[in-house]
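Peer 1: Below you'll find my_file19.cif; it's mmCIF, C-alpha atoms.
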data_entry
#
loop_
_atom_site.label_atom_id
_atom_site.label_comp_id
_atom_site.auth_asym_id
_atom_site.auth_seq_id
_atom_site.Cartn_x
_atom_site.Cartn_y
_atom_site.Cartn_z
CA MET C 104 -12.03 9.27 -19.73
CA ARG C 105 -13.45 8.15 -16.40
CA TYR C 106 -11.97 5.29 -14.41
CA ILE C 107 -13.14 3.00 -11.65
CA GLU C 108 -11.14 1.07 -9.09
CA VAL C 109 -12.26 -2.46 -8.35
CA GLY C 110 -10.28 -5.17 -6.61
CA GLY C 111 -7.18 -2.98 -6.61
CA VAL C 112 -7.36 -2.46 -10.39
CA ARG C 113 -7.96 0.91 -12.08
CA LEU C 114 -9.86 0.56 -15.35
CA SER C 115 -11.40 2.88 -17.91
CA VAL C 116 -15.20 2.65 -17.78
CA VAL C 117 -15.18 2.30 -21.56
CA GLY C 118 -12.89 -0.41 -22.84
CA LEU C 119 -12.24 -1.85 -26.29
CA GLY C 120 -13.70 -5.15 -27.43
CA THR C 121 -11.76 -6.79 -30.26
CA TRP C 122 -13.80 -9.78 -31.41
CA GLN C 123 -13.88 -8.35 -34.92
CA PHE C 124 -10.08 -8.07 -35.18
CA GLY C 125 -9.12 -10.83 -37.61
CA SER C 126 -12.56 -12.47 -37.48
CA PRO C 127 -13.90 -13.20 -40.99
CA GLU C 128 -17.39 -13.92 -39.64
CA TRP C 129 -17.72 -10.17 -39.03
CA GLY C 130 -16.69 -9.37 -42.59
CA TYR C 131 -13.29 -7.88 -41.69
CA GLY C 132 -10.38 -9.12 -43.77
CA LYS C 133 -6.61 -9.08 -43.48
CA ASP C 134 -6.35 -5.42 -44.42
CA PHE C 135 -8.49 -4.49 -41.41
CA GLU C 136 -6.48 -6.80 -39.15
CA HIS C 137 -3.11 -5.35 -40.18
CA ASN C 138 -4.08 -1.69 -40.50
CA GLU C 139 -7.35 -0.39 -39.07
CA ALA C 140 -7.21 -2.67 -36.02
CA LEU C 141 -3.83 -1.21 -35.10
CA ARG C 142 -5.04 2.36 -35.61
CA ILE C 143 -8.11 1.70 -33.46
CA THR C 144 -6.07 0.20 -30.62
CA GLU C 145 -3.43 2.93 -30.71
CA ARG C 146 -6.12 5.64 -30.70
CA ALA C 147 -7.84 3.91 -27.80
CA LEU C 148 -4.65 4.22 -25.76
CA ASP C 149 -4.31 7.86 -26.82
CA LEU C 150 -7.82 8.56 -25.47
CA GLY C 151 -7.17 6.94 -22.12
CA ILE C 152 -8.72 3.52 -22.66
CA ASN C 153 -6.65 0.99 -20.78
CA LEU C 154 -8.98 -2.04 -20.83
CA ILE C 155 -8.47 -4.02 -24.04
CA ASP C 156 -10.33 -7.31 -24.25
CA THR C 157 -9.55 -10.19 -26.59
CA ALA C 158 -9.55 -14.00 -26.65
CA GLU C 159 -7.54 -16.82 -28.16
CA VAL C 160 -10.52 -17.80 -30.35
CA TYR C 161 -11.00 -14.33 -31.84
CA GLY C 162 -9.72 -14.87 -35.36
CA PHE C 163 -7.86 -17.94 -34.02
CA GLY C 164 -5.22 -15.75 -32.40
CA ARG C 165 -5.20 -12.97 -34.98
CA SER C 166 -6.91 -10.52 -32.61
CA GLU C 167 -4.24 -11.12 -29.97
CA ARG C 168 -1.47 -10.63 -32.54
CA ALA C 169 -2.97 -7.34 -33.74
CA ILE C 170 -3.19 -6.05 -30.18
CA GLY C 171 0.37 -7.15 -29.51
CA LYS C 172 1.60 -5.06 -32.42
CA ALA C 173 -0.46 -2.04 -31.38
CA ILE C 174 0.73 -1.95 -27.76
CA ARG C 175 4.40 -2.46 -28.56
CA GLY C 176 6.28 0.24 -26.70
CA ARG C 177 3.11 1.21 -24.76
CA ARG C 178 2.64 -1.86 -22.57
CA ASP C 179 2.32 0.17 -19.39
CA GLN C 180 -0.75 1.96 -20.78
CA ALA C 181 -2.77 -1.20 -21.40
CA PHE C 182 -4.64 -3.59 -19.12
CA ILE C 183 -4.87 -6.66 -21.36
CA ALA C 184 -7.70 -9.14 -20.84
CA SER C 185 -7.74 -12.39 -22.80
CA LYS C 186 -9.72 -15.62 -22.52
CA ILE C 187 -9.18 -19.34 -22.69
CA MET C 188 -11.82 -21.69 -24.12
CA PRO C 189 -11.55 -24.43 -21.48
CA ALA C 190 -12.39 -27.48 -23.61
CA LEU C 191 -9.63 -29.47 -21.85
CA PRO C 192 -9.24 -27.71 -18.50
CA PHE C 193 -6.11 -29.49 -17.31
CA ASP C 194 -2.94 -27.92 -15.99
CA PRO C 195 -0.51 -28.64 -18.88
CA VAL C 196 -3.07 -27.60 -21.50
CA VAL C 197 -4.08 -24.44 -19.64
CA HIS C 198 -0.45 -23.47 -19.12
CA ARG C 199 0.38 -23.98 -22.80
CA ARG C 200 -2.66 -22.00 -23.94
CA ALA C 201 -1.90 -19.09 -21.60
CA ALA C 202 1.71 -19.02 -22.75
CA GLY C 203 0.50 -18.96 -26.36
CA SER C 204 -1.79 -16.00 -25.71
CA ALA C 205 1.01 -14.14 -23.92
CA ARG C 206 3.38 -14.80 -26.80
CA ARG C 207 0.89 -13.53 -29.41
CA LEU C 208 0.21 -10.46 -27.27
CA GLY C 209 3.93 -9.85 -26.79
CA VAL C 210 3.59 -9.62 -23.01
CA ASP C 211 5.26 -11.32 -20.07
CA ARG C 212 2.05 -11.30 -18.06
CA ILE C 213 -1.64 -11.30 -18.98
CA ASP C 214 -3.39 -8.77 -16.76
CA LEU C 215 -6.74 -10.60 -16.72
CA TYR C 216 -7.12 -14.20 -17.91
CA GLN C 217 -10.72 -15.31 -18.20
CA ALA C 218 -12.47 -18.65 -18.61
CA HIS C 219 -14.48 -17.93 -21.76
CA TRP C 220 -17.44 -20.22 -20.95
CA PRO C 221 -18.22 -22.74 -18.22
CA ASN C 222 -17.28 -26.25 -19.24
CA PRO C 223 -20.47 -28.39 -19.14
CA VAL C 224 -18.54 -31.66 -18.80
CA PHE C 225 -15.76 -31.03 -16.28
CA PRO C 226 -16.05 -29.55 -12.78
CA PRO C 227 -14.38 -26.16 -12.24
CA ALA C 228 -11.64 -27.34 -9.88
CA PRO C 229 -9.00 -28.50 -12.42
CA LEU C 230 -9.24 -25.33 -14.50
CA PHE C 231 -9.05 -22.94 -11.58
CA ARG C 232 -6.27 -24.85 -9.85
CA ALA C 233 -4.32 -24.45 -13.10
CA LEU C 234 -5.16 -20.74 -13.22
CA SER C 235 -4.03 -20.39 -9.61
CA ARG C 236 -0.64 -21.86 -10.57
CA LEU C 237 -0.38 -19.36 -13.45
CA GLN C 238 -0.94 -16.57 -10.94
CA ARG C 239 1.73 -17.90 -8.60
CA GLU C 240 4.18 -18.16 -11.50
CA GLY C 241 3.39 -14.59 -12.59
CA LEU C 242 2.10 -15.37 -16.09
CA VAL C 243 -1.38 -14.17 -15.06
CA ALA C 244 -2.12 -11.26 -12.73
CA HIS C 245 -5.89 -11.62 -12.25
CA VAL C 246 -8.38 -14.37 -13.01
CA GLY C 247 -11.83 -13.74 -14.43
CA VAL C 248 -14.74 -15.63 -15.93
CA SER C 249 -17.12 -14.99 -18.79
CA ASN C 250 -20.73 -16.11 -19.28
CA TYR C 251 -20.89 -17.57 -15.76
CA SER C 252 -23.95 -17.57 -13.53
CA LEU C 253 -23.54 -16.24 -9.99
CA SER C 254 -23.31 -19.73 -8.50
CA GLN C 255 -20.70 -20.69 -11.10
CA TRP C 256 -18.73 -17.51 -10.36
CA GLN C 257 -18.76 -18.26 -6.65
CA SER C 258 -17.78 -21.87 -7.28
CA ALA C 259 -14.87 -20.66 -9.42
CA GLU C 260 -13.64 -18.54 -6.50
CA ARG C 261 -13.74 -21.49 -4.16
CA SER C 262 -11.79 -23.62 -6.64
CA LEU C 263 -9.25 -20.86 -7.25
CA GLY C 264 -8.82 -20.21 -3.54
CA GLY C 265 -8.79 -16.49 -4.25
CA THR C 266 -10.51 -13.64 -6.01
CA VAL C 267 -12.11 -14.13 -9.42
CA LEU C 268 -12.04 -10.45 -10.24
CA SER C 269 -14.60 -10.22 -13.02
CA ASN C 270 -17.43 -11.80 -14.94
CA GLN C 271 -17.81 -10.77 -18.57
CA VAL C 272 -21.44 -11.11 -19.63
CA GLN C 273 -23.91 -9.84 -22.17
CA TYR C 274 -25.48 -6.74 -20.62
CA SER C 275 -27.34 -3.86 -22.21
CA LEU C 276 -30.72 -2.16 -22.32
CA VAL C 277 -31.99 -5.16 -24.29
CA ASP C 278 -30.52 -7.77 -21.92
CA ARG C 279 -30.59 -6.84 -18.25
CA ARG C 280 -30.34 -10.29 -16.72
CA PRO C 281 -27.06 -9.43 -14.91
CA GLU C 282 -29.00 -6.97 -12.74
CA LYS C 283 -30.79 -9.84 -11.02
CA ASP C 284 -27.77 -11.08 -9.10
CA LEU C 285 -24.39 -10.57 -10.84
CA VAL C 286 -24.25 -6.78 -10.58
CA PRO C 287 -25.45 -6.60 -6.94
CA TRP C 288 -22.97 -9.30 -5.92
CA ALA C 289 -20.13 -7.53 -7.70
CA GLN C 290 -21.00 -4.27 -5.98
CA GLU C 291 -21.16 -5.93 -2.58
CA HIS C 292 -17.90 -7.88 -2.95
CA ASP C 293 -15.62 -5.47 -4.85
CA ARG C 294 -15.84 -7.43 -8.08
CA LEU C 295 -16.39 -6.30 -11.66
CA VAL C 296 -19.01 -6.95 -14.32
CA ILE C 297 -17.65 -6.43 -17.84
CA ALA C 298 -20.53 -5.79 -20.24
CA TYR C 299 -20.08 -7.16 -23.73
CA SER C 300 -22.54 -6.40 -26.53
CA PRO C 301 -23.42 -3.22 -24.58
CA LEU C 302 -25.22 -1.87 -27.66
CA GLY C 303 -27.33 -4.98 -28.12
CA GLN C 304 -25.20 -6.09 -31.09
CA GLY C 305 -25.95 -2.73 -32.71
CA LEU C 306 -29.71 -2.68 -32.16
CA LEU C 307 -29.43 0.29 -29.79
CA SER C 308 -27.66 2.39 -32.41
CA GLY C 309 -31.08 3.00 -33.99
CA ARG C 310 -29.77 2.10 -37.45
CA TYR C 311 -32.00 -0.91 -37.98
CA THR C 312 -35.70 -1.27 -38.74
CA ARG C 313 -37.97 -3.92 -40.21
CA ASP C 314 -37.13 -2.56 -43.67
CA HIS C 315 -33.42 -2.17 -42.96
CA ARG C 316 -32.14 -5.28 -41.22
CA PRO C 317 -28.44 -6.09 -40.74
CA THR C 318 -26.61 -8.56 -42.94
CA GLY C 319 -24.02 -11.18 -42.04
CA VAL C 320 -23.77 -12.71 -38.56
CA ARG C 321 -26.36 -10.41 -37.00
CA SER C 322 -29.06 -11.32 -39.49
CA MET C 323 -29.34 -14.69 -37.71
CA ARG C 324 -29.77 -13.14 -34.26
CA PRO C 325 -33.31 -13.16 -32.83
CA LEU C 326 -32.99 -9.50 -31.81
CA PHE C 327 -33.07 -8.52 -35.47
CA LEU C 328 -36.24 -10.33 -36.40
CA PRO C 329 -38.66 -7.89 -38.07
CA SER C 330 -41.15 -8.34 -35.22
CA ASN C 331 -38.47 -7.61 -32.60
CA LEU C 332 -37.32 -4.53 -34.48
CA ASP C 333 -40.93 -3.32 -34.36
CA ARG C 334 -41.10 -4.01 -30.61
CA ALA C 335 -37.84 -2.11 -30.05
CA ARG C 336 -39.23 1.09 -31.60
CA ASP C 337 -40.30 2.58 -28.24
CA LEU C 338 -36.85 1.98 -26.70
CA ILE C 339 -35.07 3.35 -29.77
CA GLU C 340 -37.25 6.45 -29.78
CA THR C 341 -36.51 7.04 -26.07
CA LEU C 342 -32.79 6.78 -26.79
CA GLY C 343 -33.21 9.17 -29.71
CA ARG C 344 -35.00 11.81 -27.63
CA LEU C 345 -32.30 11.74 -24.98
CA ALA C 346 -29.58 11.77 -27.60
CA ASP C 347 -31.09 14.92 -29.12
CA ALA C 348 -31.30 16.54 -25.68
CA HIS C 349 -27.59 15.89 -25.03
CA GLY C 350 -26.27 16.48 -28.53
CA ALA C 351 -25.20 12.84 -28.56
CA THR C 352 -25.99 9.62 -30.42
CA PRO C 353 -28.33 6.83 -29.27
CA SER C 354 -25.32 4.55 -28.88
CA GLN C 355 -23.60 7.02 -26.56
CA VAL C 356 -26.74 7.31 -24.44
CA ALA C 357 -27.04 3.52 -24.22
CA LEU C 358 -23.42 3.24 -23.06
CA ALA C 359 -23.84 6.11 -20.60
CA TRP C 360 -26.82 4.33 -19.04
CA LEU C 361 -24.71 1.21 -18.45
CA ILE C 362 -21.66 2.87 -16.95
CA ARG C 363 -23.82 4.70 -14.41
CA GLN C 364 -23.98 1.33 -12.66
CA PRO C 365 -21.25 0.91 -10.02
CA ASN C 366 -18.76 -1.90 -10.70
CA VAL C 367 -19.72 -2.09 -14.39
CA VAL C 368 -17.51 -1.32 -17.39
CA VAL C 369 -18.33 -1.73 -21.08
CA ILE C 370 -16.29 -3.13 -23.97
CA PRO C 371 -17.98 -2.07 -27.22
CA GLY C 372 -16.25 -3.05 -30.43
CA ALA C 373 -15.23 -0.52 -33.04
CA SER C 374 -14.92 -0.93 -36.79
CA SER C 375 -13.23 2.44 -37.26
CA VAL C 376 -11.35 5.10 -35.33
CA GLY C 377 -14.40 7.34 -35.63
CA GLN C 378 -16.64 4.76 -34.00
CA LEU C 379 -14.10 4.28 -31.22
CA GLU C 380 -14.01 8.02 -30.56
CA SER C 381 -17.80 8.10 -30.42
CA ASN C 382 -17.82 5.27 -27.87
CA VAL C 383 -15.24 7.03 -25.72
CA ALA C 384 -17.34 10.21 -25.63
CA ALA C 385 -20.03 8.27 -23.75
CA ALA C 386 -17.80 8.35 -20.67
CA ASP C 387 -18.42 12.09 -20.39
CA LEU C 388 -22.18 11.93 -20.92
CA GLU C 389 -24.05 12.27 -17.62
CA LEU C 390 -27.69 11.22 -17.53
CA THR C 391 -30.03 12.52 -14.85
CA GLU C 392 -31.88 10.11 -12.57
CA ASP C 393 -35.10 10.79 -14.49
CA GLU C 394 -33.43 10.17 -17.84
CA ALA C 395 -31.90 6.91 -16.67
CA ALA C 396 -35.26 5.84 -15.23
CA SER C 397 -37.02 6.57 -18.53
CA LEU C 398 -34.56 4.30 -20.32
CA SER C 399 -35.02 1.55 -17.75
CA GLU C 400 -38.79 1.79 -18.15
CA ALA C 401 -38.57 1.64 -21.94
CA SER C 402 -36.25 -1.35 -21.59
CA ASP C 403 -38.78 -3.08 -19.32
CA ARG C 404 -41.45 -2.64 -21.99
CA PHE C 405 -39.29 -4.30 -24.66
CA ARG C 406 -40.28 -7.97 -24.78
CA PRO C 407 -38.52 -9.59 -27.76
CA THR C 408 -39.19 -13.06 -29.07
CA ALA C 409 -36.20 -15.16 -28.05
CA GLY C 410 -34.98 -18.71 -27.59
CA LEU C 411 -36.78 -21.60 -29.25
CA ALA C 412 -39.79 -19.40 -29.89
CA ALA C 413 -37.67 -17.34 -32.31
CA VAL C 414 -36.49 -20.28 -34.46
CA PRO C 415 -39.44 -20.45 -36.91
CA ALA C 416 -39.30 -16.69 -37.47
CA LEU C 417 -35.52 -16.82 -38.01
CA ILE C 418 -35.96 -19.50 -40.67
CA ARG C 419 -38.65 -17.48 -42.41
CA ALA C 420 -36.49 -14.34 -42.28
CA GLN C 421 -33.70 -16.12 -44.19
CA LEU C 422 -35.95 -17.33 -46.99
CA PRO C 423 -35.88 -15.38 -50.26
CA VAL C 424 -38.74 -12.98 -50.71
#
Translate the structure of the given file into structure tokens.
Peer 2:
Amino acid sequence: MRYIEVGGVRLSVVGLGTWQFGSPEWGYGKDFEHNEALRITERALDLGINLIDTAEVYGFGRSERAIGKAIRGRRDQAFIASKIMPALPFDPVVHRRAAGSARRLGVDRIDLYQAHWPNPVFPPAPLFRALSRLQREGLVAHVGVSNYSLSQWQSAERSLGGTVLSNQVQYSLVDRRPEKDLVPWAQEHDRLVIAYSPLGQGLLSGRYTRDHRPTGVRSMRPLFLPSNLDRARDLIETLGRLADAHGATPSQVALAWLIRQPNVVVIPGASSVGQLESNVAAADLELTEDEAASLSEASDRFRPTAGLAAVPALIRAQLPV
């Protein structure tokens, strides 16, 4: 495993995302939550992963509870990141929610506590003043944000009166918006970008085509429209060629491309120990400058239908044939 040091914190470049732990929308039931989730987390620690990311809303606390069980007796090996959904961003509420997450995780201190989304109604000051108090009291070590623009990130720092260590955002070869300003700012100011959905929700694995679309939650995502799967063929083929050259998988190549970026770590999910081990192997895969450039160029050529323009096609894709 490779590590980076940002803001005085040493983190594995490949972390573990745990949205699926205890989340029925991903098709994982109680057996997964109480068994496979624990095996995945324990194996992650064995392999040197220390960044484990969760949130209070993942399975309505079930993800945090599963992680708490898995790290019992190994607390010093884990850097635990959780998130608060700041619907009511006021001090007593924030304090109670943080204490609840810590209790479910079985920890005295949350290593990184992140605002899950910006609140569109309330200004940032109340939330980040409350988070600052949690830091002073020792319940939270570091504060982060998630899904924040650069201006929102900077505003959060001003409200906190200190460092907002990280911004967790969607970032992959199919969504490179963070490169416009978030990644350069993080690199310049010793901050961290945590890339979620680093495999484009599975698109970059190469498993899906027009004739083999995903089911469940992902079937409603614009990326998996038949037309977008056709448009992604060039990018998937580029990943496949490089994967063959390195004796790797397309997913490993896609992760390796991301973690070449300074001040960027990835948190792919894993539905099995085998998938986790495959993700971890990406940390040892070194792409050349030319290989990385070829992926960036293929990514630039991928122009999916997105936003409102994708709605009619999404409706049609759900209709019975």
Peer 1: Which one is closest to Gly265 (chain C): C:Val246, C:Ile213, C:Leu388, C:Leu328? Count all atoms listed in the file.
Peer 2: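 Distance minimum relative to Gly265 (chain C) lands on C:Val246.
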Peer 1: Would you mind telling me which residue in C:Gly305, C:Pro371, C:Gly125, C:Gly151 lies nearest to Arg113 (chain C) when using only C-alpha atoms?
Peer 2: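 Nearest candidate to Arg113 (chain C) out of C:Gly305, C:Pro371, C:Gly125, C:Gly151: C:Gly151.
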Peer 1: Could you please determine the separation between CA of Gln123 (chain C) and CA of Ala373 (chain C) in Å, to one decimal place?
Peer 2: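 CA of Ala373 (chain C) lies 8.2 Å from CA of Gln123 (chain C).
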Peer 1: Expanded to explicit residues, what is the PyMOL selection byres ((chain C and resi 278) around 12) for this file, as a ChimeraX atom specification?
Peer 2: /C:272-277,279-283,298-304,306-307,326,361,399,402-403,405-407,409
Peer 1: With C-alpha atoms retained, write the just-selected residues as a compact mmCIF listing (two decimals), in the coordinates of the input.
Peer 2:
# COMPACT_ATOMS: atom_id res chain seq x y z
CA VAL C 272 -21.44 -11.11 -19.63
CA GLN C 273 -23.91 -9.84 -22.17
CA TYR C 274 -25.48 -6.74 -20.62
CA SER C 275 -27.34 -3.86 -22.21
CA LEU C 276 -30.72 -2.16 -22.32
CA VAL C 277 -31.99 -5.16 -24.29
CA ARG C 279 -30.59 -6.84 -18.25
CA ARG C 280 -30.34 -10.29 -16.72
CA PRO C 281 -27.06 -9.43 -14.91
CA GLU C 282 -29.00 -6.97 -12.74
CA LYS C 283 -30.79 -9.84 -11.02
CA ALA C 298 -20.53 -5.79 -20.24
CA TYR C 299 -20.08 -7.16 -23.73
CA SER C 300 -22.54 -6.40 -26.53
CA PRO C 301 -23.42 -3.22 -24.58
CA LEU C 302 -25.22 -1.87 -27.66
CA GLY C 303 -27.33 -4.98 -28.12
CA GLN C 304 -25.20 -6.09 -31.09
CA LEU C 306 -29.71 -2.68 -32.16
CA LEU C 307 -29.43 0.29 -29.79
CA LEU C 326 -32.99 -9.50 -31.81
CA LEU C 361 -24.71 1.21 -18.45
CA SER C 399 -35.02 1.55 -17.75
CA SER C 402 -36.25 -1.35 -21.59
CA ASP C 403 -38.78 -3.08 -19.32
CA PHE C 405 -39.29 -4.30 -24.66
CA ARG C 406 -40.28 -7.97 -24.78
CA PRO C 407 -38.52 -9.59 -27.76
CA ALA C 409 -36.20 -15.16 -28.05
Peer 1: Starting from the displayed file, determine the output of the PyMOL selection byres ((chain C and resi 317) around 12) and express the residue list as a list of chain:residue names.
Peer 2: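 Those residues are C:Trp129, C:Gln304, C:Gly305, C:Leu306, C:Ser308, C:Gly309, C:Arg310, C:Tyr311, C:Thr312, C:Arg313, C:Asp314, C:His315, C:Arg316, C:Thr318, C:Gly319, C:Val320, C:Arg321, C:Ser322, C:Met323, C:Arg324, C:Pro325, C:Leu326, C:Phe327, C:Leu328, C:Pro329, C:Leu332, C:Ala420, C:Gln421.
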Peer 1: I need the residues from that last selection saved to file as a compact mmCIF listing (two decimals), in the coordinates of the input (with C-alpha atoms), if you can.
Peer 2:
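What landed in selection_31.txt:
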# COMPACT_ATOMS: atom_id res chain seq x y z
CA TRP C 129 -17.72 -10.17 -39.03
CA GLN C 304 -25.20 -6.09 -31.09
CA GLY C 305 -25.95 -2.73 -32.71
CA LEU C 306 -29.71 -2.68 -32.16
CA SER C 308 -27.66 2.39 -32.41
CA GLY C 309 -31.08 3.00 -33.99
CA ARG C 310 -29.77 2.10 -37.45
CA TYR C 311 -32.00 -0.91 -37.98
CA THR C 312 -35.70 -1.27 -38.74
CA ARG C 313 -37.97 -3.92 -40.21
CA ASP C 314 -37.13 -2.56 -43.67
CA HIS C 315 -33.42 -2.17 -42.96
CA ARG C 316 -32.14 -5.28 -41.22
CA THR C 318 -26.61 -8.56 -42.94
CA GLY C 319 -24.02 -11.18 -42.04
CA VAL C 320 -23.77 -12.71 -38.56
CA ARG C 321 -26.36 -10.41 -37.00
CA SER C 322 -29.06 -11.32 -39.49
CA MET C 323 -29.34 -14.69 -37.71
CA ARG C 324 -29.77 -13.14 -34.26
CA PRO C 325 -33.31 -13.16 -32.83
CA LEU C 326 -32.99 -9.50 -31.81
CA PHE C 327 -33.07 -8.52 -35.47
CA LEU C 328 -36.24 -10.33 -36.40
CA PRO C 329 -38.66 -7.89 -38.07
CA LEU C 332 -37.32 -4.53 -34.48
CA ALA C 420 -36.49 -14.34 -42.28
CA GLN C 421 -33.70 -16.12 -44.19
Peer 1: Take the PyMOL selection byres ((chain C and resi 221-223) around 10), run it mentally on this structure, and tell me the resulting residues as an mmCIF file with C-alpha atoms, in the frame of the given file.
Peer 2:
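Produced file part_39.cif, reproduced below:
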data_model
loop_
_atom_site.group_PDB
_atom_site.id
_atom_site.type_symbol
_atom_site.label_atom_id
_atom_site.label_comp_id
_atom_site.auth_asym_id
_atom_site.auth_seq_id
_atom_site.Cartn_x
_atom_site.Cartn_y
_atom_site.Cartn_z
ATOM 1 C CA MET C 188 -11.820 -21.690 -24.120
ATOM 2 C CA PRO C 189 -11.550 -24.430 -21.480
ATOM 3 C CA ALA C 190 -12.390 -27.480 -23.610
ATOM 4 C CA LEU C 191 -9.630 -29.470 -21.850
ATOM 5 C CA PRO C 192 -9.240 -27.710 -18.500
ATOM 6 C CA ALA C 218 -12.470 -18.650 -18.610
ATOM 7 C CA HIS C 219 -14.480 -17.930 -21.760
ATOM 8 C CA TRP C 220 -17.440 -20.220 -20.950
ATOM 9 C CA VAL C 224 -18.540 -31.660 -18.800
ATOM 10 C CA PHE C 225 -15.760 -31.030 -16.280
ATOM 11 C CA PRO C 226 -16.050 -29.550 -12.780
ATOM 12 C CA PRO C 227 -14.380 -26.160 -12.240
ATOM 13 C CA LEU C 230 -9.240 -25.330 -14.500
ATOM 14 C CA VAL C 248 -14.740 -15.630 -15.930
ATOM 15 C CA SER C 249 -17.120 -14.990 -18.790
ATOM 16 C CA ASN C 250 -20.730 -16.110 -19.280
ATOM 17 C CA TYR C 251 -20.890 -17.570 -15.760
ATOM 18 C CA SER C 252 -23.950 -17.570 -13.530
ATOM 19 C CA GLN C 255 -20.700 -20.690 -11.100
ATOM 20 C CA TRP C 256 -18.730 -17.510 -10.360
ATOM 21 C CA ALA C 259 -14.870 -20.660 -9.420
#
Peer 1: Could you check how far CA of Ala201 (chain C) sits from CA of Ser185 (chain C), in Å to one decimal?
Peer 2: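 Here the two named atoms are 9.0 Å from each other.
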Peer 1: What's the separation between CA of Ala244 (chain C) and CA of Ser204 (chain C), in Å to one decimal place?
Peer 2: 13.8 Å
Peer 1: May I ask which of the residues C:Ser262, C:Gln180, C:Asn382, C:Ser375 is the closest one to Arg142 (chain C), counting all atoms listed in the file?
Peer 2: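 When distances to Arg142 (chain C) are compared using all atoms listed in the file, the smallest one comes from C:Ser375.
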Peer 1: Which one of C:Asn270, C:Thr144, C:Ser354, C:Asn153 sits closest to Ile170 (chain C) if you count all atoms listed in the file?
Peer 2: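 Among C:Asn270, C:Thr144, C:Ser354, C:Asn153, it is C:Thr144 that comes nearest to Ile170 (chain C).
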Peer 1: Using only C-alpha atoms, determine which residues lie at most 10 Å from Asp194 (chain C), disregarding the query and same-chain residues fewer than 5 positions distant; provide the list as an mmCIF file with C-alpha atoms, in the frame of the given file.
Peer 2:
data_model
loop_
_atom_site.group_PDB
_atom_site.id
_atom_site.type_symbol
_atom_site.label_atom_id
_atom_site.label_comp_id
_atom_site.auth_asym_id
_atom_site.auth_seq_id
_atom_site.Cartn_x
_atom_site.Cartn_y
_atom_site.Cartn_z
ATOM 1 C CA ARG C 199 0.380 -23.980 -22.800
ATOM 2 C CA ARG C 200 -2.660 -22.000 -23.940
ATOM 3 C CA PRO C 229 -9.000 -28.500 -12.420
ATOM 4 C CA LEU C 230 -9.240 -25.330 -14.500
ATOM 5 C CA PHE C 231 -9.050 -22.940 -11.580
ATOM 6 C CA ARG C 232 -6.270 -24.850 -9.850
ATOM 7 C CA ALA C 233 -4.320 -24.450 -13.100
ATOM 8 C CA LEU C 234 -5.160 -20.740 -13.220
ATOM 9 C CA SER C 235 -4.030 -20.390 -9.610
ATOM 10 C CA ARG C 236 -0.640 -21.860 -10.570
ATOM 11 C CA LEU C 237 -0.380 -19.360 -13.450
#
Peer 1: Padding 8 Å on every side, please: axis-aligned box over the listed atoms of region 235-248 of chain C, centre and edge lengths to one decimal in Å, as AutoDock Vina command-line options.
Peer 2:
--center_x -5.3 --center_y -16.6 --center_z -12.3 --size_x 34.9 --size_y 26.6 --size_z 23.5
Peer 1: I'd like the contact shell of Leu148 (chain C) - 12 Å cut-off, only C-alpha atoms, skipping same-chain residues fewer than 5 positions apart - returned as a PDB file with C-alpha atoms, keeping the file's coordinate frame.
Peer 2:
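This is the output file around_8.pdb:
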ATOM      1  CA  MET C 104     -12.030   9.270 -19.730  1.00  0.00           C
ATOM      2  CA  SER C 115     -11.400   2.880 -17.910  1.00  0.00           C
ATOM      3  CA  VAL C 117     -15.180   2.300 -21.560  1.00  0.00           C
ATOM      4  CA  GLY C 118     -12.890  -0.410 -22.840  1.00  0.00           C
ATOM      5  CA  LEU C 119     -12.240  -1.850 -26.290  1.00  0.00           C
ATOM      6  CA  LEU C 141      -3.830  -1.210 -35.100  1.00  0.00           C
ATOM      7  CA  ARG C 142      -5.040   2.360 -35.610  1.00  0.00           C
ATOM      8  CA  ILE C 143      -8.110   1.700 -33.460  1.00  0.00           C
ATOM      9  CA  ASN C 153      -6.650   0.990 -20.780  1.00  0.00           C
ATOM     10  CA  LEU C 154      -8.980  -2.040 -20.830  1.00  0.00           C
ATOM     11  CA  ILE C 155      -8.470  -4.020 -24.040  1.00  0.00           C
ATOM     12  CA  ILE C 170      -3.190  -6.050 -30.180  1.00  0.00           C
ATOM     13  CA  ALA C 173      -0.460  -2.040 -31.380  1.00  0.00           C
ATOM     14  CA  ILE C 174       0.730  -1.950 -27.760  1.00  0.00           C
ATOM     15  CA  ARG C 175       4.400  -2.460 -28.560  1.00  0.00           C
ATOM     16  CA  GLY C 176       6.280   0.240 -26.700  1.00  0.00           C
ATOM     17  CA  ARG C 177       3.110   1.210 -24.760  1.00  0.00           C
ATOM     18  CA  ARG C 178       2.640  -1.860 -22.570  1.00  0.00           C
ATOM     19  CA  ASP C 179       2.320   0.170 -19.390  1.00  0.00           C
ATOM     20  CA  GLN C 180      -0.750   1.960 -20.780  1.00  0.00           C
ATOM     21  CA  ALA C 181      -2.770  -1.200 -21.400  1.00  0.00           C
ATOM     22  CA  PHE C 182      -4.640  -3.590 -19.120  1.00  0.00           C
ATOM     23  CA  ILE C 183      -4.870  -6.660 -21.360  1.00  0.00           C
ATOM     24  CA  VAL C 376     -11.350   5.100 -35.330  1.00  0.00           C
ATOM     25  CA  LEU C 379     -14.100   4.280 -31.220  1.00  0.00           C
ATOM     26  CA  GLU C 380     -14.010   8.020 -30.560  1.00  0.00           C
ATOM     27  CA  VAL C 383     -15.240   7.030 -25.720  1.00  0.00           C
TER      28      VAL C 383
END
Peer 1: Using all atoms listed in the file, which of the listed residues (C:Gly247, C:Gly343, C:Gly171, C:Gly264) sits closest to Val210 (chain C)?
Peer 2: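 For Val210 (chain C), the nearest of the candidates is C:Gly171.
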